Amino acid sequence: MVTLNFSDRWSQYYDVMAGTPPRDTLLAVLERFGTPGFAIDLGCGEGRDTVELLRRGWQVMAIDGTEEAIARLLQREDLPHPERLTTQVARFDQVQLPSADLINASYALPFCFPADFPALWQQIEASLKPGGRFAGQLFGDRDTWAAIATHTHHTRAQVEALLQNFEVELLDEEEKDAVTALNEAKHWHLFHIIARKPTDSAKGI
Ligand SMILES: C[S@@+](CC[C@H](N)C(=O)[O-])C[C@H]1O[C@@H](n2cnc3c(N)ncnc32)[C@H](O)[C@@H]1O
């Protein structure tokens, strides 16, 4: 079994990510909304996606399990409209998500403990307003980090099962040999996801 202490690594990760542009899944999901609403950036890190959401007129709740991530976000010199931002330091197993138009979780949910993932996903689904969307990544079972017992990885069939109550607008599976943000060789197996919670009328209710 592989053990990697990720808590020691986030600081280095935030250094590398400083100043990087928003994730493609965030940009793609934003194109699907006519007007800005309320978004949760779950596992926001140093805030590359939060900043873009604020820039585009969204109200944002940025949540991360490490205090350093939230501190770095709040200290950003390019933080637009801080009056539309609320923050929380909360782990995935403790977090209480309010009702939202968008839940964005870029490269974050795989770091949830497997035992806590089902409740977290259920909460994501329940917190989205009808017509609201989830955007982000899940990691696949052939990813190098699938051997880490504290991470959550999914087969394609499991991902499809998680999305069964959604209208899937993007499900892009990617596999590549590349490096991590910390420049370590890694086999990546990713699912890039945009999924819309149906409105009651779409469900025939
Ligand atoms: C790979 S980073 C992604 C950050 C950002 N969303 C991005 O796209 O660069 C994962 C983030 O999830 C956070 N995280 C990891 N495990 C967590 C947990 N159990 N609860 C809450 N946040 C967690 C980390 O602190 C980190 O900031």
# chains A, B, ... in the order shown; residues from 1 in each chain; ligands from 1
>>> residues_around(residues="segment 24-36 of chain A", least_positions_apart="4", cutoff="10 Å", atoms="only C-alpha atoms", output="VMD selection string")
chain A and resid 41 49 to 50 52 to 54 56 to 59 101 to 106 131 to 137 169 to 170 192 to 196
>>> residues_around(residues="Asp177 of chain A", least_positions_apart="5", cutoff="7 Å", atoms="only C-alpha atoms", output="list in words")
Lys186, His187 and Trp188 of chain A
>>> residues_near_ligand(ligand="ligand 1", cutoff="6 Å", atoms="only C-alpha atoms and all ligand atoms", output="PDB file with all heavy atoms, in the first residue's frame")
ATOM      1  N   GLY A  43     -12.840  22.503  -1.999  1.00  0.00           N
ATOM      2  CA  GLY A  43     -11.423  22.150  -2.170  1.00  0.00           C
ATOM      3  C   GLY A  43     -10.774  23.204  -3.051  1.00  0.00           C
ATOM      4  O   GLY A  43     -10.111  22.894  -4.037  1.00  0.00           O
ATOM      5  N   CYS A  44     -10.969  24.478  -2.653  1.00  0.00           N
ATOM      6  CA  CYS A  44     -10.628  25.619  -3.523  1.00  0.00           C
ATOM      7  C   CYS A  44      -9.124  25.824  -3.677  1.00  0.00           C
ATOM      8  O   CYS A  44      -8.686  26.524  -4.589  1.00  0.00           O
ATOM      9  CB  CYS A  44     -11.273  26.890  -2.975  1.00  0.00           C
ATOM     10  SG  CYS A  44     -10.695  27.320  -1.299  1.00  0.00           S
ATOM     11  N   GLY A  45      -8.317  25.258  -2.769  1.00  0.00           N
ATOM     12  CA  GLY A  45      -6.877  25.506  -2.838  1.00  0.00           C
ATOM     13  C   GLY A  45      -6.586  26.985  -2.675  1.00  0.00           C
ATOM     14  O   GLY A  45      -7.248  27.687  -1.901  1.00  0.00           O
ATOM     15  N   ASP A  64     -12.122  24.852   1.972  1.00  0.00           N
ATOM     16  CA  ASP A  64     -10.976  23.954   1.889  1.00  0.00           C
ATOM     17  C   ASP A  64     -10.685  23.410   3.283  1.00  0.00           C
ATOM     18  O   ASP A  64     -10.984  24.047   4.291  1.00  0.00           O
ATOM     19  CB  ASP A  64      -9.733  24.680   1.339  1.00  0.00           C
ATOM     20  CG  ASP A  64      -8.711  23.707   0.766  1.00  0.00           C
ATOM     21  OD1 ASP A  64      -7.950  23.104   1.559  1.00  0.00           O
ATOM     22  OD2 ASP A  64      -8.680  23.517  -0.470  1.00  0.00           O
ATOM     23  N   GLY A  65     -10.087  22.236   3.314  1.00  0.00           N
ATOM     24  CA  GLY A  65      -9.763  21.597   4.588  1.00  0.00           C
ATOM     25  C   GLY A  65      -8.528  22.168   5.258  1.00  0.00           C
ATOM     26  O   GLY A  65      -8.287  21.908   6.439  1.00  0.00           O
ATOM     27  N   THR A  66      -7.720  22.919   4.509  1.00  0.00           N
ATOM     28  CA  THR A  66      -6.519  23.478   5.137  1.00  0.00           C
ATOM     29  C   THR A  66      -6.679  24.985   5.340  1.00  0.00           C
ATOM     30  O   THR A  66      -7.141  25.696   4.440  1.00  0.00           O
ATOM     31  CB  THR A  66      -5.241  23.224   4.313  1.00  0.00           C
ATOM     32  OG1 THR A  66      -5.292  24.008   3.127  1.00  0.00           O
ATOM     33  CG2 THR A  66      -5.077  21.767   3.943  1.00  0.00           C
ATOM     34  N   ALA A  69      -4.863  27.195   2.703  1.00  0.00           N
ATOM     35  CA  ALA A  69      -5.499  27.479   1.414  1.00  0.00           C
ATOM     36  C   ALA A  69      -6.364  28.730   1.521  1.00  0.00           C
ATOM     37  O   ALA A  69      -6.277  29.643   0.683  1.00  0.00           O
ATOM     38  CB  ALA A  69      -6.352  26.284   0.984  1.00  0.00           C
ATOM     39  N   ALA A  90     -13.079  23.679   6.264  1.00  0.00           N
ATOM     40  CA  ALA A  90     -13.871  22.501   6.640  1.00  0.00           C
ATOM     41  C   ALA A  90     -13.407  21.302   5.847  1.00  0.00           C
ATOM     42  O   ALA A  90     -13.148  21.390   4.640  1.00  0.00           O
ATOM     43  CB  ALA A  90     -15.358  22.751   6.378  1.00  0.00           C
ATOM     44  N   ARG A  91     -13.297  20.192   6.519  1.00  0.00           N
ATOM     45  CA  ARG A  91     -12.939  18.947   5.838  1.00  0.00           C
ATOM     46  C   ARG A  91     -14.182  18.357   5.173  1.00  0.00           C
ATOM     47  O   ARG A  91     -15.306  18.624   5.591  1.00  0.00           O
ATOM     48  CB  ARG A  91     -12.372  17.948   6.848  1.00  0.00           C
ATOM     49  CG  ARG A  91     -11.044  18.378   7.466  1.00  0.00           C
ATOM     50  CD  ARG A  91     -10.491  17.276   8.344  1.00  0.00           C
ATOM     51  NE  ARG A  91     -10.432  16.020   7.606  1.00  0.00           N
ATOM     52  CZ  ARG A  91      -9.418  15.660   6.823  1.00  0.00           C
ATOM     53  NH1 ARG A  91      -8.380  16.440   6.684  1.00  0.00           N
ATOM     54  NH2 ARG A  91      -9.449  14.510   6.179  1.00  0.00           N
ATOM     55  N   PHE A  92     -13.958  17.534   4.159  1.00  0.00           N
ATOM     56  CA  PHE A  92     -15.079  16.960   3.420  1.00  0.00           C
ATOM     57  C   PHE A  92     -16.002  16.147   4.325  1.00  0.00           C
ATOM     58  O   PHE A  92     -17.184  16.033   4.063  1.00  0.00           O
ATOM     59  CB  PHE A  92     -14.569  16.059   2.287  1.00  0.00           C
ATOM     60  CG  PHE A  92     -13.799  16.801   1.221  1.00  0.00           C
ATOM     61  CD1 PHE A  92     -12.684  16.223   0.630  1.00  0.00           C
ATOM     62  CD2 PHE A  92     -14.194  18.059   0.799  1.00  0.00           C
ATOM     63  CE1 PHE A  92     -11.975  16.890  -0.365  1.00  0.00           C
ATOM     64  CE2 PHE A  92     -13.498  18.744  -0.189  1.00  0.00           C
ATOM     65  CZ  PHE A  92     -12.373  18.149  -0.776  1.00  0.00           C
ATOM     66  N   ALA A 105     -15.623  21.514  -7.968  1.00  0.00           N
ATOM     67  CA  ALA A 105     -14.630  20.811  -7.138  1.00  0.00           C
ATOM     68  C   ALA A 105     -13.522  20.331  -8.077  1.00  0.00           C
ATOM     69  O   ALA A 105     -13.542  19.202  -8.565  1.00  0.00           O
ATOM     70  CB  ALA A 105     -15.274  19.638  -6.403  1.00  0.00           C
ATOM     71  N   SER A 106     -12.573  21.218  -8.337  1.00  0.00           N
ATOM     72  CA  SER A 106     -11.493  20.904  -9.272  1.00  0.00           C
ATOM     73  C   SER A 106     -10.402  20.116  -8.570  1.00  0.00           C
ATOM     74  O   SER A 106      -9.781  20.614  -7.616  1.00  0.00           O
ATOM     75  CB  SER A 106     -10.902  22.193  -9.856  1.00  0.00           C
ATOM     76  OG  SER A 106     -11.840  22.874 -10.636  1.00  0.00           O
ATOM     77  N   TYR A 107     -10.181  18.892  -9.038  1.00  0.00           N
ATOM     78  CA  TYR A 107      -9.075  18.050  -8.546  1.00  0.00           C
ATOM     79  C   TYR A 107      -9.074  17.946  -7.017  1.00  0.00           C
ATOM     80  O   TYR A 107      -8.014  17.940  -6.397  1.00  0.00           O
ATOM     81  CB  TYR A 107      -7.724  18.623  -9.033  1.00  0.00           C
ATOM     82  CG  TYR A 107      -7.524  18.490 -10.523  1.00  0.00           C
ATOM     83  CD1 TYR A 107      -8.087  19.399 -11.413  1.00  0.00           C
ATOM     84  CD2 TYR A 107      -6.788  17.436 -11.050  1.00  0.00           C
ATOM     85  CE1 TYR A 107      -7.919  19.272 -12.789  1.00  0.00           C
ATOM     86  CE2 TYR A 107      -6.615  17.293 -12.420  1.00  0.00           C
ATOM     87  CZ  TYR A 107      -7.179  18.212 -13.280  1.00  0.00           C
ATOM     88  OH  TYR A 107      -7.002  18.079 -14.629  1.00  0.00           O
ATOM     89  N   ALA A 108     -10.225  17.867  -6.407  1.00  0.00           N
ATOM     90  CA  ALA A 108     -10.301  17.899  -4.949  1.00  0.00           C
ATOM     91  C   ALA A 108     -10.974  16.664  -4.351  1.00  0.00           C
ATOM     92  O   ALA A 108     -10.507  16.128  -3.339  1.00  0.00           O
ATOM     93  CB  ALA A 108     -11.046  19.162  -4.506  1.00  0.00           C
ATOM     94  N   PHE A 111      -9.410  13.385  -2.834  1.00  0.00           N
ATOM     95  CA  PHE A 111      -8.684  13.417  -1.559  1.00  0.00           C
ATOM     96  C   PHE A 111      -9.606  13.184  -0.363  1.00  0.00           C
ATOM     97  O   PHE A 111      -9.156  13.187   0.779  1.00  0.00           O
ATOM     98  CB  PHE A 111      -7.930  14.748  -1.426  1.00  0.00           C
ATOM     99  CG  PHE A 111      -6.924  14.933  -2.532  1.00  0.00           C
ATOM    100  CD1 PHE A 111      -7.236  15.673  -3.659  1.00  0.00           C
ATOM    101  CD2 PHE A 111      -5.694  14.307  -2.469  1.00  0.00           C
ATOM    102  CE1 PHE A 111      -6.331  15.814  -4.705  1.00  0.00           C
ATOM    103  CE2 PHE A 111      -4.777  14.429  -3.511  1.00  0.00           C
ATOM    104  CZ  PHE A 111      -5.090  15.186  -4.628  1.00  0.00           C
ATOM    105  N   CYS A 112     -10.889  12.963  -0.642  1.00  0.00           N
ATOM    106  CA  CYS A 112     -11.841  12.579   0.414  1.00  0.00           C
ATOM    107  C   CYS A 112     -11.574  11.127   0.812  1.00  0.00           C
ATOM    108  O   CYS A 112     -11.328  10.272  -0.044  1.00  0.00           O
ATOM    109  CB  CYS A 112     -13.256  12.727  -0.144  1.00  0.00           C
ATOM    110  SG  CYS A 112     -14.558  12.313   1.018  1.00  0.00           S
TER     111      CYS A 112
END
>>> residues_around(residues="Asp93 of chain A", least_positions_apart="2", cutoff="12 Å", atoms="only C-alpha atoms", output="PyMOL selection string")
chain A and resi 64-65+89-91+95-97+109+111-123
>>> write_last_selection(atoms="C-alpha atoms", output="CSV table (one decimal), in the first residue's frame")
chain,number,residue,atom,x,y,z
A,64,ASP,CA,-11.0,24.0,1.9
A,65,GLY,CA,-9.8,21.6,4.6
A,89,VAL,CA,-12.1,25.9,6.6
A,90,ALA,CA,-13.9,22.5,6.6
A,91,ARG,CA,-12.9,18.9,5.8
A,95,VAL,CA,-18.7,20.2,5.6
A,96,GLN,CA,-22.3,21.5,5.5
A,97,LEU,CA,-23.1,22.7,2.0
A,109,LEU,CA,-12.9,15.1,-4.3
A,111,PHE,CA,-8.7,13.4,-1.6
A,112,CYS,CA,-11.8,12.6,0.4
A,113,PHE,CA,-11.5,9.4,2.5
A,114,PRO,CA,-13.3,6.5,0.8
A,115,ALA,CA,-15.6,6.0,3.8
A,116,ASP,CA,-16.7,9.6,3.7
A,117,PHE,CA,-17.2,9.9,0.0
A,118,PRO,CA,-20.8,8.6,-0.4
A,119,ALA,CA,-22.2,11.1,2.2
A,120,LEU,CA,-20.2,13.9,0.5
A,121,TRP,CA,-21.6,13.0,-2.9
A,122,GLN,CA,-25.1,12.7,-1.5
A,123,GLN,CA,-24.7,16.2,0.0
>>> residues_around(residues="His153 of chain A", least_positions_apart="6", cutoff="6 Å", atoms="only C-alpha atoms", output="mmCIF file with C-alpha atoms, in the first residue's frame")
data_model
loop_
_atom_site.group_PDB
_atom_site.id
_atom_site.type_symbol
_atom_site.label_atom_id
_atom_site.label_comp_id
_atom_site.auth_asym_id
_atom_site.auth_seq_id
_atom_site.Cartn_x
_atom_site.Cartn_y
_atom_site.Cartn_z
ATOM 1 C CA PHE A 139 -9.833 10.080 -10.410
ATOM 2 C CA GLY A 140 -9.976 6.669 -12.040
ATOM 3 C CA ASP A 141 -9.016 3.229 -10.822
ATOM 4 C CA ALA A 146 -5.499 4.655 -6.595
#
>>> select_by_dssp(residues="segment 27-127 of chain A", states="strand (DSSP E or B)", output="list of chain:residue names")
A:Phe38, A:Ala39, A:Ile40, A:Asp41, A:Leu42, A:Gln59, A:Val60, A:Met61, A:Ala62, A:Ile63, A:Asp64, A:Leu85, A:Thr86, A:Thr87, A:Gln88, A:Val89, A:Ala100, A:Asp101, A:Leu102, A:Ile103, A:Asn104, A:Ala105
>>> write_last_selection(atoms="N, CA, C and O atoms", output="PDB file, in the first residue's frame")
ATOM      1  N   PHE A  38     -24.980  31.598  -7.227  1.00  0.00           N
ATOM      2  CA  PHE A  38     -24.194  31.279  -6.030  1.00  0.00           C
ATOM      3  C   PHE A  38     -23.420  29.982  -6.265  1.00  0.00           C
ATOM      4  O   PHE A  38     -24.019  28.942  -6.586  1.00  0.00           O
ATOM      5  N   ALA A  39     -22.121  30.050  -6.100  1.00  0.00           N
ATOM      6  CA  ALA A  39     -21.255  28.879  -6.336  1.00  0.00           C
ATOM      7  C   ALA A  39     -20.501  28.504  -5.072  1.00  0.00           C
ATOM      8  O   ALA A  39     -20.107  29.364  -4.284  1.00  0.00           O
ATOM      9  N   ILE A  40     -20.293  27.208  -4.916  1.00  0.00           N
ATOM     10  CA  ILE A  40     -19.389  26.695  -3.889  1.00  0.00           C
ATOM     11  C   ILE A  40     -18.148  26.189  -4.616  1.00  0.00           C
ATOM     12  O   ILE A  40     -18.265  25.408  -5.570  1.00  0.00           O
ATOM     13  N   ASP A  41     -16.980  26.646  -4.178  1.00  0.00           N
ATOM     14  CA  ASP A  41     -15.722  26.115  -4.714  1.00  0.00           C
ATOM     15  C   ASP A  41     -15.158  25.191  -3.632  1.00  0.00           C
ATOM     16  O   ASP A  41     -14.578  25.646  -2.643  1.00  0.00           O
ATOM     17  N   LEU A  42     -15.371  23.914  -3.836  1.00  0.00           N
ATOM     18  CA  LEU A  42     -15.095  22.903  -2.804  1.00  0.00           C
ATOM     19  C   LEU A  42     -13.683  22.353  -3.017  1.00  0.00           C
ATOM     20  O   LEU A  42     -13.381  21.801  -4.072  1.00  0.00           O
ATOM     21  N   GLN A  59     -21.511  35.022  -6.579  1.00  0.00           N
ATOM     22  CA  GLN A  59     -21.318  34.969  -5.133  1.00  0.00           C
ATOM     23  C   GLN A  59     -20.627  33.633  -4.879  1.00  0.00           C
ATOM     24  O   GLN A  59     -21.082  32.613  -5.423  1.00  0.00           O
ATOM     25  N   VAL A  60     -19.610  33.600  -4.050  1.00  0.00           N
ATOM     26  CA  VAL A  60     -18.837  32.363  -3.901  1.00  0.00           C
ATOM     27  C   VAL A  60     -18.620  32.020  -2.431  1.00  0.00           C
ATOM     28  O   VAL A  60     -18.263  32.886  -1.628  1.00  0.00           O
ATOM     29  N   MET A  61     -18.852  30.747  -2.114  1.00  0.00           N
ATOM     30  CA  MET A  61     -18.377  30.199  -0.845  1.00  0.00           C
ATOM     31  C   MET A  61     -17.194  29.284  -1.178  1.00  0.00           C
ATOM     32  O   MET A  61     -17.366  28.272  -1.864  1.00  0.00           O
ATOM     33  N   ALA A  62     -16.009  29.677  -0.730  1.00  0.00           N
ATOM     34  CA  ALA A  62     -14.805  28.885  -0.993  1.00  0.00           C
ATOM     35  C   ALA A  62     -14.501  28.054   0.254  1.00  0.00           C
ATOM     36  O   ALA A  62     -14.412  28.588   1.360  1.00  0.00           O
ATOM     37  N   ILE A  63     -14.359  26.754   0.046  1.00  0.00           N
ATOM     38  CA  ILE A  63     -14.178  25.828   1.170  1.00  0.00           C
ATOM     39  C   ILE A  63     -12.923  25.002   0.938  1.00  0.00           C
ATOM     40  O   ILE A  63     -12.687  24.504  -0.173  1.00  0.00           O
ATOM     41  N   ASP A  64     -12.122  24.852   1.972  1.00  0.00           N
ATOM     42  CA  ASP A  64     -10.976  23.954   1.889  1.00  0.00           C
ATOM     43  C   ASP A  64     -10.685  23.410   3.283  1.00  0.00           C
ATOM     44  O   ASP A  64     -10.984  24.047   4.291  1.00  0.00           O
ATOM     45  N   LEU A  85     -17.510  37.146  -1.439  1.00  0.00           N
ATOM     46  CA  LEU A  85     -16.841  35.884  -1.064  1.00  0.00           C
ATOM     47  C   LEU A  85     -17.044  35.564   0.411  1.00  0.00           C
ATOM     48  O   LEU A  85     -16.863  36.427   1.270  1.00  0.00           O
ATOM     49  N   THR A  86     -17.451  34.330   0.688  1.00  0.00           N
ATOM     50  CA  THR A  86     -17.372  33.813   2.055  1.00  0.00           C
ATOM     51  C   THR A  86     -16.453  32.597   2.015  1.00  0.00           C
ATOM     52  O   THR A  86     -16.313  31.952   0.969  1.00  0.00           O
ATOM     53  N   THR A  87     -15.831  32.306   3.149  1.00  0.00           N
ATOM     54  CA  THR A  87     -14.890  31.181   3.176  1.00  0.00           C
ATOM     55  C   THR A  87     -15.166  30.300   4.390  1.00  0.00           C
ATOM     56  O   THR A  87     -15.748  30.749   5.381  1.00  0.00           O
ATOM     57  N   GLN A  88     -14.729  29.065   4.256  1.00  0.00           N
ATOM     58  CA  GLN A  88     -14.853  28.106   5.370  1.00  0.00           C
ATOM     59  C   GLN A  88     -13.648  27.194   5.347  1.00  0.00           C
ATOM     60  O   GLN A  88     -13.282  26.694   4.276  1.00  0.00           O
ATOM     61  N   VAL A  89     -13.068  26.954   6.507  1.00  0.00           N
ATOM     62  CA  VAL A  89     -12.107  25.860   6.623  1.00  0.00           C
ATOM     63  C   VAL A  89     -12.902  24.664   7.117  1.00  0.00           C
ATOM     64  O   VAL A  89     -13.410  24.661   8.243  1.00  0.00           O
ATOM     65  N   ALA A 100     -26.972  25.629  -3.709  1.00  0.00           N
ATOM     66  CA  ALA A 100     -26.101  26.347  -4.654  1.00  0.00           C
ATOM     67  C   ALA A 100     -26.518  26.101  -6.099  1.00  0.00           C
ATOM     68  O   ALA A 100     -27.097  25.066  -6.432  1.00  0.00           O
ATOM     69  N   ASP A 101     -26.167  27.075  -6.952  1.00  0.00           N
ATOM     70  CA  ASP A 101     -26.380  26.911  -8.402  1.00  0.00           C
ATOM     71  C   ASP A 101     -25.249  26.106  -9.029  1.00  0.00           C
ATOM     72  O   ASP A 101     -25.437  25.450 -10.048  1.00  0.00           O
ATOM     73  N   LEU A 102     -24.071  26.206  -8.433  1.00  0.00           N
ATOM     74  CA  LEU A 102     -22.894  25.514  -8.979  1.00  0.00           C
ATOM     75  C   LEU A 102     -22.046  24.998  -7.831  1.00  0.00           C
ATOM     76  O   LEU A 102     -21.757  25.741  -6.886  1.00  0.00           O
ATOM     77  N   ILE A 103     -21.683  23.730  -7.905  1.00  0.00           N
ATOM     78  CA  ILE A 103     -20.653  23.206  -6.997  1.00  0.00           C
ATOM     79  C   ILE A 103     -19.469  22.814  -7.867  1.00  0.00           C
ATOM     80  O   ILE A 103     -19.571  21.930  -8.734  1.00  0.00           O
ATOM     81  N   ASN A 104     -18.386  23.538  -7.673  1.00  0.00           N
ATOM     82  CA  ASN A 104     -17.167  23.325  -8.445  1.00  0.00           C
ATOM     83  C   ASN A 104     -16.159  22.637  -7.527  1.00  0.00           C
ATOM     84  O   ASN A 104     -15.892  23.115  -6.421  1.00  0.00           O
ATOM     85  N   ALA A 105     -15.623  21.514  -7.968  1.00  0.00           N
ATOM     86  CA  ALA A 105     -14.630  20.811  -7.138  1.00  0.00           C
ATOM     87  C   ALA A 105     -13.522  20.331  -8.077  1.00  0.00           C
ATOM     88  O   ALA A 105     -13.542  19.202  -8.565  1.00  0.00           O
TER      89      ALA A 105
END
>>> residues_around(residues="Ala18 of chain A", least_positions_apart="6", cutoff="10 Å", atoms="only C-alpha atoms", output="PyMOL selection string")
chain A and resi 45-48+72-73+76
>>> write_last_selection(atoms="N, CA and C atoms", output="compact mmCIF listing (two decimals), in the first residue's frame")
# COMPACT_ATOMS: atom_id res chain seq x y z
N GLY A 45 -8.32 25.26 -2.77
CA GLY A 45 -6.88 25.51 -2.84
C GLY A 45 -6.59 26.98 -2.67
N GLU A 46 -5.58 27.48 -3.43
CA GLU A 46 -5.21 28.89 -3.30
C GLU A 46 -6.13 29.81 -4.10
N GLY A 47 -7.10 29.22 -4.81
CA GLY A 47 -8.19 30.04 -5.31
C GLY A 47 -8.24 30.35 -6.79
N ARG A 48 -7.56 29.54 -7.61
CA ARG A 48 -7.54 29.86 -9.04
C ARG A 48 -8.95 29.91 -9.63
N ARG A 72 -4.29 31.86 1.98
CA ARG A 72 -3.65 32.29 0.72
C ARG A 72 -4.68 32.95 -0.21
N LEU A 73 -5.88 32.36 -0.26
CA LEU A 73 -6.93 32.93 -1.10
C LEU A 73 -7.23 34.37 -0.65
N ARG A 76 -4.70 37.03 -1.62
CA ARG A 76 -4.36 37.25 -3.03
C ARG A 76 -4.54 38.72 -3.39
>>> atom_distance(atom1="atom CA of Gln158 of chain A", atom2="atom CA of Thr144 of chain A")
17.9 Å
>>> atom_distance(atom1="atom CA of Arg156 of chain A", atom2="atom CA of Ala178 of chain A")
20.7 Å
>>> select_by_dssp(residues="segment 16-179 of chain A", states="alpha helix (DSSP H)", output="PyMOL selection string")
chain A and resi 16-17+24-30+48-55+67-75+117-127+156-162
>>> decode(residues="segment 35-42 of chain A", atoms="all heavy atoms", output="compact mmCIF listing (two decimals), in the first residue's frame")
# COMPACT_ATOMS: atom_id res chain seq x y z
N THR A 35 -26.74 33.73 -16.32
CA THR A 35 -26.40 34.80 -15.38
C THR A 35 -25.67 34.17 -14.19
O THR A 35 -25.87 33.01 -13.87
CB THR A 35 -27.66 35.50 -14.85
OG1 THR A 35 -28.57 34.49 -14.38
CG2 THR A 35 -28.33 36.34 -15.92
N PRO A 36 -24.84 34.96 -13.53
CA PRO A 36 -24.14 34.41 -12.37
C PRO A 36 -25.09 34.14 -11.21
O PRO A 36 -26.13 34.78 -11.09
CB PRO A 36 -23.14 35.51 -11.99
CG PRO A 36 -23.49 36.72 -12.77
CD PRO A 36 -24.46 36.36 -13.83
N GLY A 37 -24.74 33.20 -10.38
CA GLY A 37 -25.55 32.85 -9.21
C GLY A 37 -24.64 32.63 -8.01
O GLY A 37 -23.65 33.35 -7.82
N PHE A 38 -24.98 31.60 -7.23
CA PHE A 38 -24.19 31.28 -6.03
C PHE A 38 -23.42 29.98 -6.26
O PHE A 38 -24.02 28.94 -6.59
CB PHE A 38 -25.11 31.14 -4.81
CG PHE A 38 -24.38 30.68 -3.58
CD1 PHE A 38 -23.44 31.50 -2.96
CD2 PHE A 38 -24.59 29.41 -3.05
CE1 PHE A 38 -22.73 31.07 -1.85
CE2 PHE A 38 -23.90 28.97 -1.93
CZ PHE A 38 -22.96 29.81 -1.33
N ALA A 39 -22.12 30.05 -6.10
CA ALA A 39 -21.26 28.88 -6.34
C ALA A 39 -20.50 28.50 -5.07
O ALA A 39 -20.11 29.36 -4.28
CB ALA A 39 -20.24 29.19 -7.44
N ILE A 40 -20.29 27.21 -4.92
CA ILE A 40 -19.39 26.70 -3.89
C ILE A 40 -18.15 26.19 -4.62
O ILE A 40 -18.26 25.41 -5.57
CB ILE A 40 -20.05 25.54 -3.11
CG1 ILE A 40 -21.31 26.03 -2.39
CG2 ILE A 40 -19.07 24.93 -2.11
CD1 ILE A 40 -22.14 24.91 -1.79
N ASP A 41 -16.98 26.65 -4.18
CA ASP A 41 -15.72 26.11 -4.71
C ASP A 41 -15.16 25.19 -3.63
O ASP A 41 -14.58 25.65 -2.64
CB ASP A 41 -14.76 27.25 -5.07
CG ASP A 41 -13.56 26.75 -5.87
OD1 ASP A 41 -13.55 25.56 -6.26
OD2 ASP A 41 -12.63 27.56 -6.10
N LEU A 42 -15.37 23.91 -3.84
CA LEU A 42 -15.10 22.90 -2.80
C LEU A 42 -13.68 22.35 -3.02
O LEU A 42 -13.38 21.80 -4.07
CB LEU A 42 -16.15 21.80 -2.95
CG LEU A 42 -16.25 20.72 -1.88
CD1 LEU A 42 -16.42 21.30 -0.50
CD2 LEU A 42 -17.43 19.79 -2.20
